[in-house]
file data_13.cif (mmCIF, C-alpha atoms and all ligand atoms; chains and numbers go by the auth columns)
data_entry
loop_
_atom_site.group_PDB
_atom_site.id
_atom_site.type_symbol
_atom_site.label_atom_id
_atom_site.label_comp_id
_atom_site.label_asym_id
_atom_site.label_seq_id
_atom_site.Cartn_x
_atom_site.Cartn_y
_atom_site.Cartn_z
_atom_site.B_iso_or_equiv
_atom_site.auth_seq_id
_atom_site.auth_asym_id
ATOM 1 C CA MET A 1 95.386 136.909 106.962 0.00 20 A
ATOM 2 C CA THR A 2 94.960 140.644 107.182 0.00 21 A
ATOM 3 C CA ALA A 3 97.324 143.474 106.335 0.00 22 A
ATOM 4 C CA ALA A 4 97.718 144.009 110.078 0.00 23 A
ATOM 5 C CA SER A 5 99.053 140.484 110.689 0.00 24 A
ATOM 6 C CA LYS A 6 102.646 140.272 111.854 0.00 25 A
ATOM 7 C CA ILE A 7 105.114 138.006 110.049 0.00 26 A
ATOM 8 C CA ASP A 8 107.499 136.101 112.327 0.00 27 A
ATOM 9 C CA VAL A 9 110.805 134.836 110.975 0.00 28 A
ATOM 10 C CA PHE A 10 110.683 131.042 111.070 0.00 29 A
ATOM 11 C CA ILE A 11 113.863 130.187 109.119 0.00 30 A
ATOM 12 C CA SER A 12 116.359 133.010 108.688 0.00 31 A
ATOM 13 C CA LYS A 13 117.986 134.096 105.429 0.00 32 A
ATOM 14 C CA GLU A 14 121.349 132.953 106.797 0.00 33 A
ATOM 15 C CA SER A 15 120.059 129.493 107.752 0.00 34 A
ATOM 16 C CA ILE A 16 118.533 129.070 104.300 0.00 35 A
ATOM 17 C CA GLU A 17 121.761 130.121 102.561 0.00 36 A
ATOM 18 C CA LYS A 18 123.804 127.670 104.625 0.00 37 A
ATOM 19 C CA ARG A 19 121.423 124.775 104.008 0.00 38 A
ATOM 20 C CA VAL A 20 121.076 125.453 100.268 0.00 39 A
ATOM 21 C CA LEU A 21 124.877 125.330 99.953 0.00 40 A
ATOM 22 C CA GLU A 22 124.945 122.023 101.874 0.00 41 A
ATOM 23 C CA LEU A 23 122.297 120.526 99.579 0.00 42 A
ATOM 24 C CA ALA A 24 124.221 121.620 96.480 0.00 43 A
ATOM 25 C CA GLU A 25 127.417 120.086 97.883 0.00 44 A
ATOM 26 C CA MET A 26 125.587 116.766 98.423 0.00 45 A
ATOM 27 C CA ILE A 27 124.365 116.850 94.823 0.00 46 A
ATOM 28 C CA ASN A 28 127.842 117.757 93.512 0.00 47 A
ATOM 29 C CA HIS A 29 129.254 114.808 95.434 0.00 48 A
ATOM 30 C CA ASP A 30 126.576 112.288 94.384 0.00 49 A
ATOM 31 C CA TYR A 31 126.715 113.126 90.666 0.00 50 A
ATOM 32 C CA GLN A 32 130.479 113.472 90.161 0.00 51 A
ATOM 33 C CA ASN A 33 131.375 113.081 86.452 0.00 52 A
ATOM 34 C CA GLN A 34 127.685 113.083 85.485 0.00 53 A
ATOM 35 C CA GLU A 35 125.186 115.569 84.107 0.00 54 A
ATOM 36 C CA ILE A 36 121.918 116.502 85.763 0.00 55 A
ATOM 37 C CA ILE A 37 118.690 118.281 84.921 0.00 56 A
ATOM 38 C CA LEU A 38 116.980 120.186 87.717 0.00 57 A
ATOM 39 C CA VAL A 39 113.215 120.251 87.224 0.00 58 A
ATOM 40 C CA CYS A 40 111.979 123.348 89.035 0.00 59 A
ATOM 41 C CA VAL A 41 108.364 123.171 90.180 0.00 60 A
ATOM 42 C CA LEU A 42 106.855 126.624 89.576 0.00 61 A
ATOM 43 C CA ASN A 43 106.032 128.986 91.037 0.00 62 A
ATOM 44 C CA GLY A 44 107.149 128.339 94.602 0.00 63 A
ATOM 45 C CA SER A 45 110.565 126.817 93.827 0.00 64 A
ATOM 46 C CA PHE A 46 111.972 129.504 91.559 0.00 65 A
ATOM 47 C CA ILE A 47 114.060 131.249 94.221 0.00 66 A
ATOM 48 C CA PHE A 48 115.273 128.027 95.849 0.00 67 A
ATOM 49 C CA CYS A 49 116.189 126.564 92.458 0.00 68 A
ATOM 50 C CA ALA A 50 117.983 129.752 91.393 0.00 69 A
ATOM 51 C CA ASP A 51 120.088 129.751 94.564 0.00 70 A
ATOM 52 C CA LEU A 52 120.733 126.002 94.415 0.00 71 A
ATOM 53 C CA ILE A 53 121.887 125.960 90.791 0.00 72 A
ATOM 54 C CA ARG A 54 124.462 128.657 91.451 0.00 73 A
ATOM 55 C CA HIS A 55 126.303 126.257 93.786 0.00 74 A
ATOM 56 C CA ILE A 56 126.185 123.316 91.359 0.00 75 A
ATOM 57 C CA LYS A 57 129.652 122.494 89.989 0.00 76 A
ATOM 58 C CA ILE A 58 128.751 119.709 87.530 0.00 77 A
ATOM 59 C CA PRO A 59 127.088 120.110 84.108 0.00 78 A
ATOM 60 C CA VAL A 60 123.493 121.109 84.823 0.00 79 A
ATOM 61 C CA GLN A 61 120.401 122.146 82.906 0.00 80 A
ATOM 62 C CA VAL A 62 117.164 123.482 84.317 0.00 81 A
ATOM 63 C CA GLU A 63 113.607 122.800 83.185 0.00 82 A
ATOM 64 C CA MET A 64 110.383 124.240 84.561 0.00 83 A
ATOM 65 C CA VAL A 65 107.102 122.525 85.287 0.00 84 A
ATOM 66 C CA SER A 66 103.935 124.017 86.672 0.00 85 A
ATOM 67 C CA LEU A 67 101.242 122.030 88.438 0.00 86 A
ATOM 68 C CA SER A 68 97.968 123.170 89.867 0.00 87 A
ATOM 69 C CA SER A 69 96.463 121.788 93.067 0.00 88 A
ATOM 70 C CA TYR A 70 96.251 124.574 95.615 0.00 89 A
ATOM 71 C CA GLU A 71 93.589 127.106 96.460 0.00 90 A
ATOM 72 C CA GLY A 72 94.349 129.432 99.367 0.00 91 A
ATOM 73 C CA THR A 73 96.036 127.304 102.017 0.00 92 A
ATOM 74 C CA GLU A 74 94.585 123.889 101.115 0.00 93 A
ATOM 75 C CA SER A 75 95.540 121.327 98.477 0.00 94 A
ATOM 76 C CA THR A 76 92.581 120.362 96.329 0.00 95 A
ATOM 77 C CA GLY A 77 94.106 116.925 95.675 0.00 96 A
ATOM 78 C CA GLN A 78 93.271 117.294 91.965 0.00 97 A
ATOM 79 C CA VAL A 79 96.640 117.807 90.312 0.00 98 A
ATOM 80 C CA SER A 80 97.151 118.721 86.667 0.00 99 A
ATOM 81 C CA PHE A 81 99.912 120.158 84.455 0.00 100 A
ATOM 82 C CA ARG A 82 99.903 123.804 83.516 0.00 101 A
ATOM 83 C CA LEU A 83 103.398 123.475 82.000 0.00 102 A
ATOM 84 C CA ASP A 84 105.384 120.304 81.239 0.00 103 A
ATOM 85 C CA VAL A 85 109.065 119.801 80.309 0.00 104 A
ATOM 86 C CA LYS A 86 109.720 120.451 76.624 0.00 105 A
ATOM 87 C CA GLN A 87 112.828 118.284 75.986 0.00 106 A
ATOM 88 C CA SER A 88 113.083 114.478 76.106 0.00 107 A
ATOM 89 C CA LEU A 89 114.281 113.282 79.507 0.00 108 A
ATOM 90 C CA VAL A 90 115.058 109.720 78.394 0.00 109 A
ATOM 91 C CA GLY A 91 118.345 108.502 79.916 0.00 110 A
ATOM 92 C CA LYS A 92 118.808 111.678 81.996 0.00 111 A
ATOM 93 C CA ASN A 93 119.549 112.205 85.695 0.00 112 A
ATOM 94 C CA ILE A 94 116.590 114.196 86.977 0.00 113 A
ATOM 95 C CA ILE A 95 116.346 116.020 90.276 0.00 114 A
ATOM 96 C CA ILE A 96 112.955 117.537 90.974 0.00 115 A
ATOM 97 C CA VAL A 97 113.329 120.770 92.914 0.00 116 A
ATOM 98 C CA GLU A 98 110.307 121.551 95.087 0.00 117 A
ATOM 99 C CA ASP A 99 109.726 124.301 97.628 0.00 118 A
ATOM 100 C CA ILE A 100 107.632 122.300 100.073 0.00 119 A
ATOM 101 C CA VAL A 101 106.122 118.841 100.387 0.00 120 A
ATOM 102 C CA ASP A 102 102.938 119.148 102.411 0.00 121 A
ATOM 103 C CA THR A 103 100.371 116.364 101.782 0.00 122 A
ATOM 104 C CA GLY A 104 102.709 114.964 99.095 0.00 123 A
ATOM 105 C CA LEU A 105 99.869 114.808 96.554 0.00 124 A
ATOM 106 C CA THR A 106 101.435 117.285 94.138 0.00 125 A
ATOM 107 C CA ILE A 107 104.924 115.808 94.146 0.00 126 A
ATOM 108 C CA ASN A 108 103.715 112.225 93.890 0.00 127 A
ATOM 109 C CA PHE A 109 101.692 113.140 90.818 0.00 128 A
ATOM 110 C CA LEU A 110 104.883 114.536 89.279 0.00 129 A
ATOM 111 C CA LEU A 111 107.052 111.601 90.424 0.00 130 A
ATOM 112 C CA GLN A 112 104.632 109.087 88.856 0.00 131 A
ATOM 113 C CA HIS A 113 104.620 111.091 85.631 0.00 132 A
ATOM 114 C CA MET A 114 108.446 111.213 85.574 0.00 133 A
ATOM 115 C CA LYS A 115 108.785 107.479 86.246 0.00 134 A
ATOM 116 C CA LEU A 116 107.178 106.786 82.864 0.00 135 A
ATOM 117 C CA LYS A 117 109.936 108.624 81.001 0.00 136 A
ATOM 118 C CA ASN A 118 112.781 106.049 81.034 0.00 137 A
ATOM 119 C CA LEU A 119 115.063 108.279 83.047 0.00 138 A
ATOM 120 C CA LYS A 120 118.557 107.271 84.131 0.00 139 A
ATOM 121 C CA SER A 121 117.711 108.356 87.677 0.00 140 A
ATOM 122 C CA LEU A 122 115.097 110.339 89.555 0.00 141 A
ATOM 123 C CA LYS A 123 115.556 112.119 92.875 0.00 142 A
ATOM 124 C CA LEU A 124 113.626 114.679 94.857 0.00 143 A
ATOM 125 C CA CYS A 125 115.093 117.804 96.433 0.00 144 A
ATOM 126 C CA SER A 126 112.738 119.811 98.623 0.00 145 A
ATOM 127 C CA LEU A 127 113.565 122.815 100.749 0.00 146 A
ATOM 128 C CA LEU A 128 110.811 122.000 103.240 0.00 147 A
ATOM 129 C CA LEU A 129 108.808 118.966 104.360 0.00 148 A
ATOM 130 C CA LYS A 130 105.770 118.988 106.665 0.00 149 A
ATOM 131 C CA ARG A 131 106.157 115.348 107.663 0.00 150 A
ATOM 132 C CA ALA A 132 103.062 115.294 109.890 0.00 151 A
ATOM 133 C CA ARG A 133 100.853 116.305 106.954 0.00 152 A
ATOM 134 C CA LEU A 134 101.971 113.631 104.469 0.00 153 A
ATOM 135 C CA LYS A 135 99.141 111.598 102.963 0.00 154 A
ATOM 136 C CA ILE A 136 101.493 109.511 100.779 0.00 155 A
ATOM 137 C CA PRO A 137 104.917 108.264 101.961 0.00 156 A
ATOM 138 C CA THR A 138 107.370 110.530 100.127 0.00 157 A
ATOM 139 C CA PRO A 139 111.119 109.958 100.491 0.00 158 A
ATOM 140 C CA VAL A 140 112.955 113.252 100.005 0.00 159 A
ATOM 141 C CA ASP A 141 116.509 112.572 98.822 0.00 160 A
ATOM 142 C CA TYR A 142 117.768 116.107 99.497 0.00 161 A
ATOM 143 C CA LEU A 143 115.808 117.846 102.235 0.00 162 A
ATOM 144 C CA GLY A 144 116.418 121.350 103.530 0.00 163 A
ATOM 145 C CA PHE A 145 114.263 121.495 106.651 0.00 164 A
ATOM 146 C CA ASP A 146 111.751 119.163 108.275 0.00 165 A
ATOM 147 C CA ILE A 147 109.154 121.579 109.696 0.00 166 A
ATOM 148 C CA GLU A 148 106.105 121.397 111.896 0.00 167 A
ATOM 149 C CA ASP A 149 102.604 121.934 110.543 0.00 168 A
ATOM 150 C CA LYS A 150 102.566 125.689 109.923 0.00 169 A
ATOM 151 C CA PHE A 151 101.585 127.601 106.797 0.00 170 A
ATOM 152 C CA VAL A 152 104.796 129.309 105.756 0.00 171 A
ATOM 153 C CA ILE A 153 105.536 132.113 103.334 0.00 172 A
ATOM 154 C CA GLY A 154 108.566 133.786 101.783 0.00 173 A
ATOM 155 C CA TYR A 155 111.644 132.622 99.838 0.00 174 A
ATOM 156 C CA GLY A 156 109.348 131.786 96.928 0.00 175 A
ATOM 157 C CA LEU A 157 106.421 130.476 98.974 0.00 176 A
ATOM 158 C CA ASP A 158 103.210 132.422 98.722 0.00 177 A
ATOM 159 C CA TYR A 159 99.865 132.996 100.302 0.00 178 A
ATOM 160 C CA ASP A 160 97.440 133.716 97.458 0.00 179 A
ATOM 161 C CA GLY A 161 100.310 134.913 95.283 0.00 180 A
ATOM 162 C CA ARG A 162 101.881 137.221 97.856 0.00 181 A
ATOM 163 C CA PHE A 163 105.027 137.276 100.034 0.00 182 A
ATOM 164 C CA ARG A 164 107.275 135.292 97.665 0.00 183 A
ATOM 165 C CA GLU A 165 109.834 138.099 97.815 0.00 184 A
ATOM 166 C CA LEU A 166 110.668 137.741 101.517 0.00 185 A
ATOM 167 C CA PRO A 167 114.330 136.672 101.923 0.00 186 A
ATOM 168 C CA TYR A 168 113.429 134.439 104.888 0.00 187 A
ATOM 169 C CA ILE A 169 110.711 131.874 105.575 0.00 188 A
ATOM 170 C CA GLY A 170 108.052 133.305 107.823 0.00 189 A
ATOM 171 C CA VAL A 171 104.766 132.486 109.514 0.00 190 A
ATOM 172 C CA TYR A 172 101.980 134.816 110.428 0.00 191 A
ATOM 173 C CA GLY A 173 101.870 135.866 114.055 0.00 192 A
ATOM 174 C CA ALA A 174 98.654 136.856 115.848 0.00 193 A
HETATM 175 P P1 LIG B . 101.017 119.170 98.586 0.00 201 B
HETATM 176 O O1 LIG B . 100.453 118.628 97.324 0.00 201 B
HETATM 177 O O2 LIG B . 99.990 119.223 99.675 0.00 201 B
HETATM 178 O O3 LIG B . 102.265 118.445 99.048 0.00 201 B
HETATM 179 O O4 LIG B . 101.371 120.673 98.331 0.00 201 B
HETATM 180 C C1 LIG B . 102.542 121.091 97.721 0.00 201 B
HETATM 181 C C2 LIG B . 102.416 122.507 97.264 0.00 201 B
HETATM 182 O O5 LIG B . 101.515 123.242 98.080 0.00 201 B
HETATM 183 C C3 LIG B . 103.730 123.245 97.360 0.00 201 B
HETATM 184 O O6 LIG B . 104.467 123.130 96.177 0.00 201 B
HETATM 185 C C4 LIG B . 103.290 124.670 97.638 0.00 201 B
HETATM 186 O O7 LIG B . 103.062 125.339 96.428 0.00 201 B
HETATM 187 C C5 LIG B . 101.977 124.526 98.378 0.00 201 B
HETATM 188 N N1 LIG B . 102.123 124.636 99.846 0.00 201 B
HETATM 189 C C6 LIG B . 101.993 123.647 100.746 0.00 201 B
HETATM 190 N N2 LIG B . 102.206 124.095 101.997 0.00 201 B
HETATM 191 C C7 LIG B . 102.486 125.387 101.876 0.00 201 B
HETATM 192 C C8 LIG B . 102.838 126.414 102.824 0.00 201 B
HETATM 193 O O8 LIG B . 102.948 126.223 104.049 0.00 201 B
HETATM 194 N N3 LIG B . 103.061 127.647 102.303 0.00 201 B
HETATM 195 C C9 LIG B . 102.974 127.919 100.970 0.00 201 B
HETATM 196 N N4 LIG B . 102.672 127.002 100.049 0.00 201 B
HETATM 197 C C10 LIG B . 102.424 125.740 100.506 0.00 201 B
#
call {"tool": "encode", "arguments": {"input": "data_13.cif", "output": "structure tokens", "more": "lines below"}}
Ligand code: IMP
result
Amino acid sequence: MTAASKIDVFISKESIEKRVLELAEMINHDYQNQEIILVCVLNGSFIFCADLIRHIKIPVQVEMVSLSSYEGTESTGQVSFRLDVKQSLVGKNIIIVEDIVDTGLTINFLLQHMKLKNLKSLKLCSLLLKRARLKIPTPVDYLGFDIEDKFVIGYGLDYDGRFRELPYIGVYGA
């Protein structure tokens, strides 16, 4: 990608806002009279999680985790924790909030880790899924958009640390 590359809008700001509200309403409905903890997967999910949580109407906490697996545009497949949750999650309703499930390697590492923690429940909320790229079957309980195999940026998603600030999801044009 060069500075001269053009960024095409792939999912508009308005479409994202509408879908994030719908996802929050599903969560509000499914967890009536319960408490939840959103586990935000840094760095890519911070904007999605911040928008999502502001539509949540039930008692909610947020925790952050950070995993490393990506270099440039390719997953290395070697996942490790840079930051783990600090509080005990035993007996809690956990919703992992992810920006994008691509090969599924990163999220499955986290899901396996979470399953060892005696949770009350565990669900996955992802803004995006590249279904054609999945290497591990990964059910997404709350999915924003099922997208084709394109490298996307914006709304928290980066290319080598850049473009997270874009209010829409974009792809590079020629
Ligand atoms: P996976 O392990 O291949 O599923 O990769 C998941 C992680 O890779 C996401 O949390 C993102 O950080 C990153 N990623 C995957 N695809 C894209 C993309 O198209 N744009 C930006 N980041 C991506």
call {"tool": "resolve_selection", "arguments": {"input": "data_13.cif", "expression": "the PyMOL selection byres (((chain A and resi 143-145) around 6) and not hetatm)", "output": "PyMOL selection string"}}
result
chain A and resi 114-119+142+146-147+159-162
call {"tool": "closest_atom_pairs", "arguments": {"input": "data_13.cif", "of": "chain A", "to": "ligand LIG 201 (chain B)", "cutoff": "9 Å", "atoms": "all atoms listed in the file", "output": "CSV"}}
result
residue,atom,partner,partner_atom,distance
A:Val60,CA,B:LIG201,O6,7.2
A:Leu61,CA,B:LIG201,O6,7.8
A:Asn62,CA,B:LIG201,O7,7.2
A:Gly63,CA,B:LIG201,O7,5.4
A:Ser64,CA,B:LIG201,O6,7.5
A:Leu86,CA,B:LIG201,O6,8.5
A:Ser87,CA,B:LIG201,O7,8.6
A:Ser88,CA,B:LIG201,O1,6.6
A:Tyr89,CA,B:LIG201,O5,6.0
A:Glu90,CA,B:LIG201,O5,9.0
A:Gly91,CA,B:LIG201,N4,8.7
A:Thr92,CA,B:LIG201,C7,6.7
A:Glu93,CA,B:LIG201,O2,7.3
A:Ser94,CA,B:LIG201,O2,5.1
A:Thr95,CA,B:LIG201,O1,8.1
A:Gly96,CA,B:LIG201,O1,6.8
A:Val98,CA,B:LIG201,O1,8.0
A:Glu117,CA,B:LIG201,O6,6.1
A:Asp118,CA,B:LIG201,O6,5.6
A:Ile119,CA,B:LIG201,C3,4.8
A:Val120,CA,B:LIG201,O3,4.1
A:Asp121,CA,B:LIG201,O3,3.5
A:Thr122,CA,B:LIG201,O2,3.6
A:Gly123,CA,B:LIG201,O3,3.5
A:Leu124,CA,B:LIG201,O1,3.9
A:Thr125,CA,B:LIG201,O1,3.6
A:Ile126,CA,B:LIG201,O1,6.2
A:Asn127,CA,B:LIG201,O1,8.0
A:Phe128,CA,B:LIG201,O1,8.6
A:Leu147,CA,B:LIG201,N2,8.9
A:Leu148,CA,B:LIG201,O3,8.4
A:Lys149,CA,B:LIG201,N2,7.8
A:Arg152,CA,B:LIG201,O2,7.9
A:Leu153,CA,B:LIG201,O3,7.3
A:Lys154,CA,B:LIG201,O2,8.3
A:Asp168,CA,B:LIG201,O8,7.8
A:Lys169,CA,B:LIG201,O8,5.9
A:Phe170,CA,B:LIG201,O8,3.4
A:Val171,CA,B:LIG201,O8,4.0
A:Ile172,CA,B:LIG201,N3,5.2
A:Gly173,CA,B:LIG201,C9,8.1
A:Gly175,CA,B:LIG201,C9,8.5
A:Leu176,CA,B:LIG201,C9,4.7
A:Asp177,CA,B:LIG201,C9,5.0
A:Tyr178,CA,B:LIG201,C9,6.0
A:Asp179,CA,B:LIG201,C9,8.8
A:Val190,CA,B:LIG201,O8,8.5
call {"tool": "atom_distance", "arguments": {"input": "data_13.cif", "atom1": "atom CA of A:Lys111", "atom2": "atom CA of A:Gln97"}}
result
28.0 Å
call {"tool": "atom_distance", "arguments": {"input": "data_13.cif", "atom1": "atom CA of A:Ser140", "atom2": "atom CA of A:Tyr50"}}
result
10.6 Å
call {"tool": "atom_distance", "arguments": {"input": "data_13.cif", "atom1": "atom CA of A:Leu40", "atom2": "atom CA of A:Ser85"}}
result
24.8 Å
call {"tool": "closest_residue", "arguments": {"input": "data_13.cif", "among": "A:Arg38, A:Val84, A:Lys32, A:Val109", "to": "A:Asp165", "atoms": "only C-alpha atoms"}}
result
A:Arg38
